[in-house]
$ cat structure-v3.cif   # mmCIF, C-alpha atoms and all ligand atoms
data_target
loop_
_atom_site.label_atom_id
_atom_site.label_comp_id
_atom_site.auth_asym_id
_atom_site.auth_seq_id
_atom_site.Cartn_x
_atom_site.Cartn_y
_atom_site.Cartn_z
CA MET Z 1 24.34 -18.92 -20.79
CA LYS Z 2 27.36 -19.80 -18.73
CA TYR Z 3 27.95 -23.18 -17.11
CA THR Z 4 30.34 -24.92 -14.78
CA VAL Z 5 32.48 -27.35 -16.73
CA LEU Z 6 34.54 -30.08 -15.13
CA ILE Z 7 37.50 -31.20 -17.24
CA VAL Z 8 38.75 -34.68 -16.37
CA ASP Z 9 42.05 -35.42 -18.08
CA ASP Z 10 45.39 -36.73 -16.84
CA GLU Z 11 47.36 -34.57 -19.27
CA GLU Z 12 48.02 -31.18 -17.77
CA ASN Z 13 48.52 -29.47 -21.13
CA ALA Z 14 45.19 -30.73 -22.38
CA ARG Z 15 43.45 -29.44 -19.23
CA ILE Z 16 45.05 -26.02 -19.57
CA PHE Z 17 44.31 -25.78 -23.27
CA THR Z 18 40.58 -26.55 -23.04
CA GLY Z 19 40.26 -24.88 -19.63
CA THR Z 20 41.65 -21.56 -20.83
CA PHE Z 21 39.41 -21.62 -23.86
CA LEU Z 22 36.25 -22.35 -21.85
CA SER Z 23 37.03 -19.75 -19.16
CA GLY Z 24 37.58 -17.28 -21.98
CA GLN Z 25 34.04 -18.05 -23.09
CA GLY Z 26 32.78 -17.11 -19.63
CA HIS Z 27 32.27 -20.60 -18.22
CA GLU Z 28 33.47 -21.58 -14.79
CA VAL Z 29 36.06 -24.33 -15.08
CA PHE Z 30 37.28 -26.97 -12.64
CA SER Z 31 39.78 -29.63 -13.58
CA ALA Z 32 40.57 -33.05 -12.23
CA SER Z 33 43.55 -35.16 -13.21
CA ASN Z 34 42.06 -38.47 -12.11
CA ALA Z 35 38.77 -40.22 -11.39
CA LYS Z 36 38.98 -39.68 -7.64
CA GLU Z 37 39.30 -35.90 -7.93
CA ALA Z 38 36.52 -35.92 -10.49
CA ARG Z 39 34.19 -37.78 -8.10
CA ASP Z 40 34.85 -35.18 -5.40
CA TYR Z 41 33.85 -32.30 -7.67
CA ILE Z 42 30.80 -34.17 -8.93
CA ARG Z 43 29.68 -35.03 -5.41
CA GLN Z 44 29.83 -31.34 -4.49
CA GLY Z 45 27.60 -30.56 -7.43
CA LYS Z 46 30.39 -28.59 -9.10
CA ALA Z 47 29.78 -29.90 -12.58
CA ASP Z 48 26.99 -28.82 -14.89
CA ILE Z 49 28.83 -30.44 -17.77
CA ILE Z 50 31.71 -32.93 -17.73
CA LEU Z 51 34.47 -33.26 -20.32
CA LEU Z 52 35.82 -36.74 -19.73
CA ASP Z 53 38.96 -38.30 -21.15
CA VAL Z 54 38.84 -42.07 -21.72
CA ILE Z 55 42.22 -42.85 -20.23
CA LEU Z 56 42.64 -42.00 -16.55
CA PRO Z 57 45.48 -43.04 -14.22
CA ASP Z 58 43.14 -44.59 -11.66
CA GLY Z 59 40.51 -46.05 -13.88
CA ASN Z 60 38.76 -45.90 -17.15
CA GLY Z 61 36.64 -42.97 -18.33
CA LEU Z 62 33.91 -45.32 -19.46
CA SER Z 63 33.39 -46.77 -15.99
CA LEU Z 64 33.26 -43.25 -14.52
CA LEU Z 65 30.69 -42.46 -17.19
CA GLU Z 66 28.63 -45.39 -15.96
CA GLU Z 67 28.84 -44.17 -12.37
CA ILE Z 68 27.70 -40.70 -13.38
CA GLY Z 69 24.80 -42.23 -15.26
CA LYS Z 70 23.48 -43.64 -11.98
CA LEU Z 71 23.37 -40.25 -10.22
CA SER Z 72 20.01 -38.64 -9.74
CA PHE Z 73 21.19 -35.36 -11.29
CA ARG Z 74 23.12 -36.83 -14.23
CA PRO Z 75 25.23 -34.02 -15.69
CA PRO Z 76 25.81 -34.39 -19.45
CA VAL Z 77 29.16 -36.02 -20.19
CA ILE Z 78 31.16 -35.25 -23.30
CA MET Z 79 33.74 -38.00 -23.86
CA ILE Z 80 37.14 -37.19 -25.31
CA THR Z 81 38.22 -40.10 -27.46
CA GLY Z 82 41.34 -40.90 -29.43
CA ASN Z 83 41.30 -39.90 -33.07
CA GLY Z 84 39.59 -42.58 -35.14
CA ASP Z 85 38.66 -44.71 -32.14
CA ILE Z 86 35.19 -45.40 -33.42
CA LYS Z 87 34.56 -48.34 -31.12
CA MET Z 88 35.26 -46.24 -28.04
CA ALA Z 89 33.00 -43.47 -29.32
CA VAL Z 90 30.18 -45.94 -29.92
CA ASP Z 91 30.64 -47.46 -26.46
CA ALA Z 92 30.54 -44.03 -24.89
CA MET Z 93 27.29 -43.14 -26.63
CA LYS Z 94 25.77 -46.48 -25.64
CA ASN Z 95 26.69 -45.79 -22.06
CA GLY Z 96 24.82 -42.53 -22.03
CA ALA Z 97 27.46 -39.98 -23.04
CA PHE Z 98 25.93 -36.75 -24.29
CA ASP Z 99 28.39 -36.64 -27.18
CA PHE Z 100 32.04 -37.32 -27.96
CA LEU Z 101 34.88 -35.22 -29.30
CA GLU Z 102 37.99 -36.57 -30.96
CA LYS Z 103 41.50 -35.56 -30.04
CA PRO Z 104 42.98 -33.14 -30.91
CA ILE Z 105 40.02 -31.05 -29.86
CA ASN Z 106 38.60 -28.65 -32.37
CA LEU Z 107 37.67 -25.55 -30.36
CA SER Z 108 34.70 -24.39 -32.35
CA GLN Z 109 33.28 -27.91 -32.17
CA LEU Z 110 33.91 -27.88 -28.41
CA ALA Z 111 32.09 -24.56 -27.99
CA GLU Z 112 29.14 -25.82 -29.97
CA THR Z 113 28.91 -29.10 -28.03
CA ILE Z 114 29.14 -27.31 -24.67
CA GLN Z 115 26.35 -25.00 -25.77
CA ARG Z 116 24.11 -27.92 -26.66
CA ALA Z 117 24.88 -29.75 -23.44
CA GLY Z 118 24.19 -26.47 -21.60
CA GLU Z 119 20.73 -26.30 -23.06
CA THR Z 120 19.84 -29.65 -21.55
CA VAL Z 121 21.27 -28.47 -18.21
CA SER Z 122 19.10 -25.33 -18.24
CA MET Z 123 16.09 -27.33 -19.28
CA ARG Z 124 16.52 -29.80 -16.45
CA ARG Z 125 16.99 -27.00 -13.95
CA GLU Z 126 13.84 -25.27 -15.11
CA LEU Z 127 11.94 -28.53 -15.08
CA ALA Z 128 13.10 -29.35 -11.55
CA HIS Z 129 11.97 -25.93 -10.42
CA PHE Z 130 8.70 -26.26 -12.28
CA ARG Z 131 7.98 -29.55 -10.53
CA GLN Z 132 8.76 -28.03 -7.16
CA SER Z 133 6.63 -24.95 -7.47
CA GLN Z 134 2.95 -25.55 -7.10
CA HIS Z 135 1.54 -24.23 -10.24
CA GLN Z 136 -1.92 -22.84 -10.10
CA ASP Z 137 -4.24 -23.67 -12.92
CA LEU Z 138 -3.46 -21.44 -15.82
CA GLU Z 139 -5.92 -18.62 -15.71
CA TYR Z 140 -6.80 -15.59 -17.72
CA ILE Z 141 -7.13 -12.03 -16.58
CA ILE Z 142 -10.76 -11.04 -16.74
CA GLY Z 143 -12.17 -7.54 -16.68
CA SER Z 144 -12.92 -4.96 -19.33
CA SER Z 145 -13.62 -1.96 -17.13
CA GLU Z 146 -11.72 1.22 -17.83
CA LYS Z 147 -9.48 0.69 -14.81
CA MET Z 148 -8.54 -2.83 -15.85
CA ASN Z 149 -7.97 -1.78 -19.45
CA THR Z 150 -5.57 0.94 -18.35
CA LEU Z 151 -3.77 -1.63 -16.25
CA TYR Z 152 -3.39 -4.08 -19.18
CA ASP Z 153 -2.14 -1.26 -21.32
CA TYR Z 154 0.64 -0.43 -18.85
CA ALA Z 155 1.37 -4.09 -18.29
CA GLN Z 156 1.76 -4.68 -21.99
CA ARG Z 157 4.23 -1.83 -22.25
CA VAL Z 158 6.42 -3.00 -19.38
CA ALA Z 159 6.32 -6.56 -20.70
CA THR Z 160 8.34 -5.51 -23.72
CA THR Z 161 11.03 -3.84 -21.59
CA CYS Z 162 13.33 -5.23 -18.98
CA VAL Z 163 12.65 -2.68 -16.24
CA SER Z 164 11.86 -3.65 -12.68
CA VAL Z 165 8.17 -3.64 -11.91
CA LEU Z 166 6.49 -3.21 -8.57
CA ILE Z 167 2.91 -4.47 -8.42
CA THR Z 168 0.90 -3.10 -5.54
CA GLY Z 169 -2.70 -3.62 -4.52
CA GLU Z 170 -4.84 -5.08 -1.79
CA THR Z 171 -4.94 -8.79 -1.13
CA GLY Z 172 -6.78 -10.83 -3.75
CA THR Z 173 -6.83 -8.12 -6.42
CA GLY Z 174 -4.85 -10.21 -8.92
CA LYS Z 175 -1.19 -9.25 -8.49
CA ASP Z 176 0.04 -12.81 -9.11
CA VAL Z 177 -2.19 -13.11 -12.13
CA LEU Z 178 -0.84 -9.84 -13.50
CA ALA Z 179 2.79 -10.85 -12.95
CA ARG Z 180 2.22 -14.07 -14.86
CA ALA Z 181 0.51 -12.16 -17.66
CA ILE Z 182 3.48 -9.81 -17.98
CA HIS Z 183 5.72 -12.84 -18.30
CA LYS Z 184 3.50 -14.42 -20.92
CA MET Z 185 3.24 -11.25 -23.01
CA GLY Z 186 6.91 -10.41 -23.03
CA PRO Z 187 10.04 -11.52 -24.85
CA ARG Z 188 11.05 -13.57 -21.80
CA SER Z 189 8.06 -15.90 -22.06
CA GLN Z 190 10.22 -18.77 -23.33
CA LYS Z 191 12.42 -18.46 -20.23
CA PRO Z 192 11.24 -19.29 -16.73
CA MET Z 193 9.38 -17.04 -14.38
CA VAL Z 194 10.56 -18.14 -10.97
CA ALA Z 195 8.47 -17.09 -8.00
CA GLU Z 196 9.64 -16.62 -4.45
CA ASN Z 197 7.15 -15.85 -1.73
CA CYS Z 198 9.18 -13.83 0.74
CA ALA Z 199 6.55 -14.26 3.45
CA ALA Z 200 6.53 -18.03 3.22
CA ILE Z 201 10.23 -18.59 3.62
CA GLN Z 202 12.36 -18.37 6.73
CA SER Z 203 14.65 -15.38 6.68
CA THR Z 204 17.67 -17.54 7.53
CA VAL Z 205 17.40 -19.56 4.33
CA MET Z 206 16.34 -16.74 2.05
CA GLU Z 207 19.85 -15.87 0.99
CA SER Z 208 20.75 -19.41 -0.04
CA GLU Z 209 17.38 -19.80 -1.69
CA LEU Z 210 17.93 -16.70 -3.84
CA PHE Z 211 21.65 -16.89 -4.45
CA GLY Z 212 22.37 -20.59 -3.95
CA TYR Z 213 25.31 -21.98 -2.02
CA GLU Z 214 28.58 -23.82 -2.42
CA ALA Z 215 29.30 -27.24 -0.97
CA GLY Z 216 30.52 -26.80 2.58
CA ALA Z 217 29.05 -23.28 2.98
CA PHE Z 218 27.26 -24.45 6.14
CA THR Z 219 26.41 -27.69 7.92
CA GLY Z 220 24.29 -29.79 5.63
CA ALA Z 221 25.43 -28.05 2.45
CA GLU Z 222 26.75 -31.19 0.83
CA LYS Z 223 26.74 -30.05 -2.69
CA ARG Z 224 26.42 -26.84 -4.62
CA LYS Z 225 22.91 -25.57 -5.06
CA HIS Z 226 21.81 -23.07 -7.67
CA GLY Z 227 19.72 -20.23 -6.34
CA LEU Z 228 16.54 -18.88 -7.89
CA MET Z 229 18.45 -15.95 -9.41
CA GLU Z 230 20.43 -18.42 -11.50
CA VAL Z 231 17.42 -20.52 -12.38
CA ALA Z 232 15.67 -17.36 -13.58
CA ASP Z 233 18.58 -16.28 -15.78
CA GLY Z 234 17.19 -14.83 -18.98
CA GLY Z 235 13.72 -14.78 -17.48
CA ILE Z 236 11.86 -13.22 -14.59
CA LEU Z 237 12.23 -13.46 -10.84
CA PHE Z 238 8.91 -12.75 -9.14
CA LEU Z 239 9.43 -11.62 -5.55
CA ASP Z 240 6.03 -11.91 -3.95
CA GLU Z 241 5.24 -10.25 -0.61
CA ILE Z 242 8.48 -8.31 -0.88
CA SER Z 243 7.58 -6.35 2.28
CA SER Z 244 8.36 -9.48 4.30
CA MET Z 245 11.96 -9.58 3.18
CA PRO Z 246 14.27 -9.06 6.17
CA ILE Z 247 16.21 -5.83 6.11
CA ASP Z 248 19.67 -7.42 5.82
CA MET Z 249 18.45 -9.49 2.89
CA GLN Z 250 17.10 -6.30 1.29
CA ALA Z 251 20.64 -4.89 1.30
CA LYS Z 252 21.99 -8.01 -0.41
CA LEU Z 253 19.22 -7.98 -2.98
CA LEU Z 254 19.84 -4.31 -3.75
CA ARG Z 255 23.53 -4.97 -4.34
CA ALA Z 256 22.71 -7.89 -6.63
CA LEU Z 257 20.28 -5.76 -8.62
CA GLU Z 258 22.71 -2.89 -8.98
CA GLU Z 259 25.61 -5.08 -10.02
CA ARG Z 260 23.46 -7.58 -11.92
CA ALA Z 261 25.65 -10.14 -10.22
CA PHE Z 262 25.96 -11.94 -6.90
CA ARG Z 263 27.95 -14.58 -5.07
CA ARG Z 264 26.62 -17.93 -3.89
CA VAL Z 265 26.67 -18.35 -0.11
CA GLY Z 266 30.19 -19.55 0.73
CA GLY Z 267 31.37 -18.75 -2.78
CA THR Z 268 33.86 -16.25 -4.11
CA ASN Z 269 32.98 -16.10 -7.80
CA LEU Z 270 30.75 -13.29 -9.01
CA ILE Z 271 27.92 -14.76 -11.03
CA HIS Z 272 26.40 -12.50 -13.65
CA VAL Z 273 22.78 -12.92 -14.57
CA ASP Z 274 20.20 -11.23 -16.72
CA VAL Z 275 16.99 -11.29 -14.73
CA GLN Z 276 13.95 -9.03 -14.80
CA ILE Z 277 12.51 -8.43 -11.37
CA ILE Z 278 8.81 -8.20 -10.65
CA ALA Z 279 8.02 -7.55 -7.00
CA ALA Z 280 4.59 -7.51 -5.40
CA SER Z 281 3.26 -6.19 -2.14
CA ASN Z 282 -0.15 -5.84 -0.55
CA ARG Z 283 1.26 -3.77 2.29
CA PRO Z 284 2.02 -0.05 1.98
CA LEU Z 285 5.78 0.05 1.42
CA LEU Z 286 6.03 3.82 2.03
CA LYS Z 287 4.73 3.31 5.54
CA LEU Z 288 7.23 0.50 6.12
CA ILE Z 289 10.01 2.80 4.91
CA GLU Z 290 8.98 5.38 7.52
CA GLU Z 291 9.18 2.68 10.16
CA ASN Z 292 12.65 1.68 8.90
CA ARG Z 293 11.40 -1.75 7.97
CA PHE Z 294 11.91 -1.36 4.26
CA ARG Z 295 14.88 0.22 2.50
CA GLU Z 296 14.02 3.33 0.57
CA ASP Z 297 16.81 2.75 -1.99
CA LEU Z 298 15.53 -0.76 -2.72
CA TYR Z 299 11.99 0.61 -3.04
CA TYR Z 300 13.04 3.03 -5.79
CA ARG Z 301 15.18 0.39 -7.45
CA LEU Z 302 12.16 -1.95 -7.64
CA LYS Z 303 9.51 0.53 -8.65
CA VAL Z 304 10.92 1.76 -11.91
CA VAL Z 305 7.35 1.11 -12.96
CA ASN Z 306 4.57 0.78 -10.40
CA LEU Z 307 1.42 -1.04 -11.42
CA ASP Z 308 -1.33 -0.55 -8.89
CA VAL Z 309 -4.11 -3.12 -9.18
CA PRO Z 310 -7.47 -1.60 -8.21
CA PRO Z 311 -9.62 -3.17 -5.50
CA LEU Z 312 -12.72 -4.93 -6.83
CA ARG Z 313 -15.07 -2.34 -5.25
CA GLU Z 314 -13.58 0.19 -7.71
CA HIS Z 315 -14.41 -1.89 -10.78
CA LYS Z 316 -17.60 -3.67 -9.83
CA GLU Z 317 -18.78 -3.49 -13.43
CA ASP Z 318 -16.42 -6.46 -14.03
CA ILE Z 319 -18.31 -8.67 -11.55
CA PRO Z 320 -20.67 -10.26 -14.11
CA ASP Z 321 -17.75 -11.21 -16.37
CA LEU Z 322 -15.78 -12.55 -13.43
CA VAL Z 323 -18.75 -14.61 -12.26
CA GLY Z 324 -19.13 -16.05 -15.76
CA HIS Z 325 -15.42 -16.85 -15.86
CA PHE Z 326 -15.37 -18.59 -12.48
CA THR Z 327 -18.56 -20.55 -13.24
CA HIS Z 328 -16.97 -21.81 -16.41
CA PHE Z 329 -13.73 -22.57 -14.58
CA PHE Z 330 -15.36 -24.59 -11.78
CA ASN Z 331 -17.68 -26.34 -14.24
CA SER Z 332 -14.69 -27.95 -15.88
CA LYS Z 333 -12.84 -28.44 -12.62
CA MET Z 334 -15.77 -30.04 -10.76
CA GLY Z 335 -17.40 -31.68 -13.75
CA LEU Z 336 -20.59 -29.62 -13.41
CA ASN Z 337 -22.83 -28.00 -15.95
CA ILE Z 338 -24.12 -24.80 -14.42
CA THR Z 339 -25.29 -22.54 -17.17
CA ASP Z 340 -26.26 -19.33 -15.44
CA VAL Z 341 -26.65 -17.28 -12.29
CA SER Z 342 -29.90 -15.60 -11.40
CA PRO Z 343 -30.15 -11.80 -11.66
CA ARG Z 344 -30.81 -11.69 -7.89
CA VAL Z 345 -27.40 -13.24 -7.33
CA ILE Z 346 -25.70 -10.64 -9.51
CA ASP Z 347 -27.53 -7.87 -7.63
CA ALA Z 348 -26.42 -9.29 -4.29
CA LEU Z 349 -22.82 -9.58 -5.47
CA MET Z 350 -22.87 -6.03 -6.84
CA ALA Z 351 -24.06 -4.76 -3.46
CA HIS Z 352 -21.17 -6.33 -1.56
CA SER Z 353 -17.97 -4.36 -0.85
CA TRP Z 354 -15.43 -7.20 -1.40
CA PRO Z 355 -12.64 -6.58 1.10
CA GLY Z 356 -11.03 -9.84 -0.12
CA ASN Z 357 -11.42 -8.67 -3.72
CA ILE Z 358 -11.43 -11.12 -6.64
CA ARG Z 359 -10.19 -14.01 -4.50
CA GLU Z 360 -13.21 -13.56 -2.24
CA LEU Z 361 -15.53 -13.53 -5.26
CA ARG Z 362 -13.93 -16.69 -6.58
CA ASN Z 363 -14.44 -18.42 -3.22
CA VAL Z 364 -18.09 -17.37 -3.11
CA ILE Z 365 -18.71 -18.84 -6.57
CA GLU Z 366 -16.91 -22.03 -5.62
CA HIS Z 367 -19.05 -22.30 -2.48
CA ALA Z 368 -22.25 -21.67 -4.42
CA MET Z 369 -21.39 -24.27 -7.03
CA THR Z 370 -20.62 -26.84 -4.38
CA PHE Z 371 -24.16 -26.46 -3.03
CA CYS Z 372 -25.97 -26.03 -6.30
CA ASP Z 373 -27.74 -29.03 -7.84
CA GLU Z 374 -29.59 -26.99 -10.41
CA PRO Z 375 -28.44 -25.49 -13.69
CA VAL Z 376 -28.76 -21.95 -12.31
CA ILE Z 377 -27.13 -20.53 -9.18
CA ASP Z 378 -29.67 -18.79 -7.00
CA LEU Z 379 -29.49 -16.62 -3.89
CA HIS Z 380 -29.88 -19.52 -1.45
CA HIS Z 381 -26.73 -21.18 -2.84
CA LEU Z 382 -24.59 -18.26 -1.68
CA PRO Z 383 -23.02 -18.26 1.79
CA ALA Z 384 -25.54 -16.65 4.18
CA GLU Z 385 -23.68 -13.37 4.65
CA TYR Z 386 -23.83 -12.66 0.91
CA ARG Z 387 -27.61 -13.02 0.58
CA ASN Z 388 -28.47 -9.81 2.42
CA TYR Z 389 -29.41 -7.52 -0.30
CA SER Z 390 -32.59 -5.51 -0.52
CA PRO Z 391 -34.02 -5.48 -4.01
CA PRO Z 392 -34.89 -2.00 -5.33
CA VAL Z 393 -38.55 -1.15 -4.70
N1 LIG L 1 -8.49 -10.23 -13.23
C1 LIG L 1 -8.68 -11.50 -12.83
N2 LIG L 1 -9.26 -12.38 -13.65
C2 LIG L 1 -9.48 -13.65 -13.25
N3 LIG L 1 -9.13 -14.13 -12.07
C3 LIG L 1 -8.52 -13.30 -11.21
C4 LIG L 1 -8.26 -11.95 -11.56
N4 LIG L 1 -7.65 -11.36 -10.52
C5 LIG L 1 -7.54 -12.29 -9.56
N5 LIG L 1 -8.07 -13.47 -9.97
C6 LIG L 1 -8.15 -14.69 -9.17
O1 LIG L 1 -8.27 -14.30 -7.81
C7 LIG L 1 -7.41 -15.03 -6.97
C8 LIG L 1 -6.43 -14.11 -6.27
O2 LIG L 1 -5.55 -13.51 -7.21
P1 LIG L 1 -4.02 -13.29 -6.90
O3 LIG L 1 -3.44 -14.48 -6.22
O4 LIG L 1 -3.35 -12.82 -8.14
O5 LIG L 1 -4.13 -12.09 -5.83
P2 LIG L 1 -2.98 -11.23 -5.14
O6 LIG L 1 -3.23 -9.82 -5.49
O7 LIG L 1 -1.65 -11.79 -5.51
O8 LIG L 1 -3.29 -11.45 -3.61
P3 LIG L 1 -2.30 -11.47 -2.33
O9 LIG L 1 -1.92 -10.04 -2.08
O10 LIG L 1 -3.13 -12.03 -1.23
O11 LIG L 1 -1.13 -12.31 -2.72
C9 LIG L 1 -6.74 -16.06 -7.85
O12 LIG L 1 -7.43 -17.24 -7.75
C10 LIG L 1 -6.86 -15.49 -9.25
O13 LIG L 1 -6.93 -16.50 -10.16
MG MG L 2 -0.19 -12.75 -4.34
#
$ encode --input "structure-v3.cif" --output "structure tokens"
Amino acid sequence: MKYTVLIVDDEENARIFTGTFLSGQGHEVFSASNAKEARDYIRQGKADIILLDVILPDGNGLSLLEEIGKLSFRPPVIMITGNGDIKMAVDAMKNGAFDFLEKPINLSQLAETIQRAGETVSMRRELAHFRQSQHQDLEYIIGSSEKMNTLYDYAQRVATTCVSVLITGETGTGKDVLARAIHKMGPRSQKPMVAENCAAIQSTVMESELFGYEAGAFTGAEKRKHGLMEVADGGILFLDEISSMPIDMQAKLLRALEERAFRRVGGTNLIHVDVQIIAASNRPLLKLIEENRFREDLYYRLKVVNLDVPPLREHKEDIPDLVGHFTHFFNSKMGLNITDVSPRVIDALMAHSWPGNIRELRNVIEHAMTFCDEPVIDLHHLPAEYRNYSPPV
């Protein structure tokens, strides 16, 4: 992974020497010759990792280190100390330095230290994103019908590749669940799956949300922000409700996918990423293409593989398993101990057509369990409109 490294050193030769080496390794490099310049870069968020010399014309590296330690987004600081200056090195570590390197800098040691510091940067970024996104309870995919088995089979195959996947299907059929399963099954499971719901976000901020922005890109952009594309590097970007993406944003996304690179809003540098895209839609994209509301080229770029999740009415044989699964799930969530559902309930559920699909079924079970004080769910626990079923004579 590539990072933005800020080199703080008053010696120009030293800055050029380490700067050239780190740029050569693909990192973005900024340099500052004094503490004041360094603060400006840091304030703009332009430093994932800081290489900090101890001696600065307008202050001491150690006091700058202390300042950085008080920031909410503390970037790891690697102190550059004089050869053999053990006391300084110890002080630096006590004051929260990530590590220290002795002058003259050994380049392979530098590369290794930057890599380690980078790992903590990525981890923090993922963690911050993880905290932000509202994670649903981890759930399994249930269903052993032929249709669902075929779907798992395809999903398993695409999980091992890096191709773009388009998941289609009516609302509530399990597209989110499937996307998460693909992530879990694949080689990218150790990297983040970052989800963006294109319907829930204002079109004006979508670009900066996906691609990030530089400090000063627009009013209020005080410091650099990393977009979801960067957070998802090495992993998966899940674009949910892709049909809601505005048409000008579609063009920008297409370009990013084709070039595997993009620019932050207000930025000039091309940022290369390795991201697998999973997009989902419950609206018919072909119809939107006809109406010029969705780009045909983007459609084909996204649907290298198309997984179509069947509506529940086409795999009703999975209803008993799903009911068992949800009963179990809500038992532990609500602290209940419901052991069974009556056969009449299963018959009633099998007779329903489920326009809201599995989500609707889940809601019905949740409702029933809320009103059930007995160990077995019976017909009268269901919402009224689900009780209308005529038993076979
Ligand atoms: N195969 C399944 N096994 C277990 N639970 C499922 C399954 N499919 C869906 N669910 C549950 O049903 C609910 C809806 O699923 P999900 O959010 O994946 O639907 P969706 O297809 O993304 O719907 P929408 O188009 O409205 O976004 C979730 O609570 C999910 O846990
Ligand atoms: Mg969904």
$ closest_residue --input "structure-v3.cif" --among "Z:Ser243, Z:Thr173, Z:Ser342, Z:Ser189" --to "ligand MG 2 (chain L)" --atoms "all atoms listed in the file"
Z:Thr173
$ closest_atom_pairs --input "structure-v3.cif" --of "chain Z" --to "ligand LIG 1 (chain L)" --cutoff "6 Å" --atoms "only C-alpha atoms and all ligand atoms" --output "tab-separated table"
residue	atom	partner	partner_atom	distance
Z:Tyr140	CA	L:LIG1	C2	5.6
Z:Ile141	CA	L:LIG1	N2	3.6
Z:Ile142	CA	L:LIG1	N2	3.7
Z:Gly143	CA	L:LIG1	N1	5.7
Z:Glu170	CA	L:LIG1	O9	5.8
Z:Thr171	CA	L:LIG1	O9	3.4
Z:Gly172	CA	L:LIG1	O8	3.5
Z:Thr173	CA	L:LIG1	O6	4.1
Z:Gly174	CA	L:LIG1	O4	3.1
Z:Lys175	CA	L:LIG1	O6	3.7
Z:Asp176	CA	L:LIG1	O4	3.5
Z:Val177	CA	L:LIG1	O4	4.2
Z:Asn282	CA	L:LIG1	O9	4.8
Z:Ile358	CA	L:LIG1	O1	4.6
Z:Arg359	CA	L:LIG1	O1	3.8
$ closest_residue --input "structure-v3.cif" --among "Z:Leu270, Z:Ala280, Z:Ile68, Z:Val304" --to "ligand MG 2 (chain L)" --atoms "all atoms listed in the file"
Z:Ala280
$ closest_residue --input "structure-v3.cif" --among "Z:Met249, Z:Ile242, Z:Val5, Z:Leu65" --to "ligand MG 2 (chain L)" --atoms "only C-alpha atoms and all ligand atoms"
Z:Ile242
$ residues_around --input "structure-v3.cif" --residues "range 152-155 of chain Z" --least-positions-apart "5" --cutoff "8 Å" --atoms "only C-alpha atoms" --output "list in words"
Leu178, Ile182 and Leu307 of chain Z
$ write_last_selection --input "structure-v3.cif" --atoms "C-alpha atoms" --output "tab-separated table (two decimals), in the coordinates of the input"
chain	number	residue	atom	x	y	z
Z	178	LEU	CA	-0.84	-9.84	-13.50
Z	182	ILE	CA	3.48	-9.81	-17.98
Z	307	LEU	CA	1.42	-1.04	-11.42
$ atom_distance --input "structure-v3.cif" --atom1 "CA of Ala200 in chain Z" --atom2 "CA of Met185 in chain Z"
27.3 Å
$ residues_near_point --input "structure-v3.cif" --point "(27.1, -23.3, -0.9)" --cutoff "10 Å" --atoms "all atoms listed in the file" --output "number ranges by chain"
Z: 44-45, 208, 211-227, 263-267
$ residues_around --input "structure-v3.cif" --residues "Ile55 in chain Z" --least-positions-apart "6" --cutoff "9 Å" --atoms "only C-alpha atoms" --output "list of chain:residue names"
Z:Asp9, Z:Asp10, Z:Gly61, Z:Leu62, Z:Thr81
$ closest_residue --input "structure-v3.cif" --among "Z:Glu196, Z:Asp91, Z:Asp40, Z:Glu66" --to "ligand MG 2 (chain L)" --atoms "only C-alpha atoms and all ligand atoms"
Z:Glu196
$ residues_around --input "structure-v3.cif" --residues "Ala38 in chain Z" --least-positions-apart "2" --cutoff "12 Å" --atoms "all atoms listed in the file" --output "number ranges by chain"
Z: 5-10, 30-36, 40-47, 49-53, 56, 58-59, 61, 64-65, 67-68
$ write_last_selection --input "structure-v3.cif" --atoms "C-alpha atoms" --output "short mmCIF file (atom, residue, chain, number, x, y, z; two decimals), in the coordinates of the input"
data_model
loop_
_atom_site.label_atom_id
_atom_site.label_comp_id
_atom_site.auth_asym_id
_atom_site.auth_seq_id
_atom_site.Cartn_x
_atom_site.Cartn_y
_atom_site.Cartn_z
CA VAL Z 5 32.48 -27.35 -16.73
CA LEU Z 6 34.54 -30.08 -15.13
CA ILE Z 7 37.50 -31.20 -17.24
CA VAL Z 8 38.75 -34.68 -16.37
CA ASP Z 9 42.05 -35.42 -18.08
CA ASP Z 10 45.39 -36.73 -16.84
CA PHE Z 30 37.28 -26.97 -12.64
CA SER Z 31 39.78 -29.63 -13.58
CA ALA Z 32 40.57 -33.05 -12.23
CA SER Z 33 43.55 -35.16 -13.21
CA ASN Z 34 42.06 -38.47 -12.11
CA ALA Z 35 38.77 -40.22 -11.39
CA LYS Z 36 38.98 -39.68 -7.64
CA ASP Z 40 34.85 -35.18 -5.40
CA TYR Z 41 33.85 -32.30 -7.67
CA ILE Z 42 30.80 -34.17 -8.93
CA ARG Z 43 29.68 -35.03 -5.41
CA GLN Z 44 29.83 -31.34 -4.49
CA GLY Z 45 27.60 -30.56 -7.43
CA LYS Z 46 30.39 -28.59 -9.10
CA ALA Z 47 29.78 -29.90 -12.58
CA ILE Z 49 28.83 -30.44 -17.77
CA ILE Z 50 31.71 -32.93 -17.73
CA LEU Z 51 34.47 -33.26 -20.32
CA LEU Z 52 35.82 -36.74 -19.73
CA ASP Z 53 38.96 -38.30 -21.15
CA LEU Z 56 42.64 -42.00 -16.55
CA ASP Z 58 43.14 -44.59 -11.66
CA GLY Z 59 40.51 -46.05 -13.88
CA GLY Z 61 36.64 -42.97 -18.33
CA LEU Z 64 33.26 -43.25 -14.52
CA LEU Z 65 30.69 -42.46 -17.19
CA GLU Z 67 28.84 -44.17 -12.37
CA ILE Z 68 27.70 -40.70 -13.38
#
